[in-house]
Amino acid sequence: MKKYVCTICGYTYDPKAGDPDSGVAPGTAFEDIPEDWLCPVCGVGKDSFEPVEE
């Protein structure tokens with residue numbers, strides 16, 4: 001599973017960690033996060049994220 005980075009604030013979504021504070025369980029792929037999920041740092045939507053090239 002790929003990590004995704006917010007192009008606005010730089011927050012990195014790591015699927016291994018998830019985003020438990022927003023109800024996204026560890027192990028959840030970015031593609032499987034609900035469409036109404038927002039960046040926990042700056043509040044933008046999923047469309048402002050890009051995959052991290054490793």
# chains A, B, ... in the order shown; residues from 1 in each chain; ligands from 1

$ residues_around --residues "segment 10-23 of chain A" --least-positions-apart "2" --cutoff "9 Å" --atoms "only C-alpha atoms" --output "count of residues only"
22

$ select_by_dssp --residues "chain A" --states "helix (DSSP H, G or I)" --output "list in words"
Pro20, Asp21, Ser22, Phe30, Glu31, Asp32, Lys46, Asp47 and Ser48 of chain A

$ select_by_dssp --residues "chain A" --states "strand (DSSP E or B)" --output "list in words"
Tyr4, Val5, Cys6, Thr12, Tyr13, Asp19, Val24, Leu38, Gly45, Phe49, Glu50 and Pro51 of chain A

$ write_last_selection --atoms "C-alpha atoms" --output "PDB file, in the first residue's frame"
ATOM      1  CA  TYR A   4      -0.010   9.652   0.115  1.00  0.00           C
ATOM      2  CA  VAL A   5       1.107  13.203   0.865  1.00  0.00           C
ATOM      3  CA  CYS A   6      -1.062  16.313   1.159  1.00  0.00           C
ATOM      4  CA  THR A  12       1.681  12.032   4.893  1.00  0.00           C
ATOM      5  CA  TYR A  13      -1.055   9.409   5.146  1.00  0.00           C
ATOM      6  CA  ASP A  19      -5.930   7.910  10.905  1.00  0.00           C
ATOM      7  CA  VAL A  24      -9.719   5.293   9.648  1.00  0.00           C
ATOM      8  CA  LEU A  38     -10.311  15.400   5.252  1.00  0.00           C
ATOM      9  CA  GLY A  45     -10.085  16.694   0.725  1.00  0.00           C
ATOM     10  CA  PHE A  49      -3.231  14.211  -2.024  1.00  0.00           C
ATOM     11  CA  GLU A  50      -0.668  12.620  -4.313  1.00  0.00           C
ATOM     12  CA  PRO A  51       1.045   9.214  -4.036  1.00  0.00           C
TER      13      PRO A  51
END
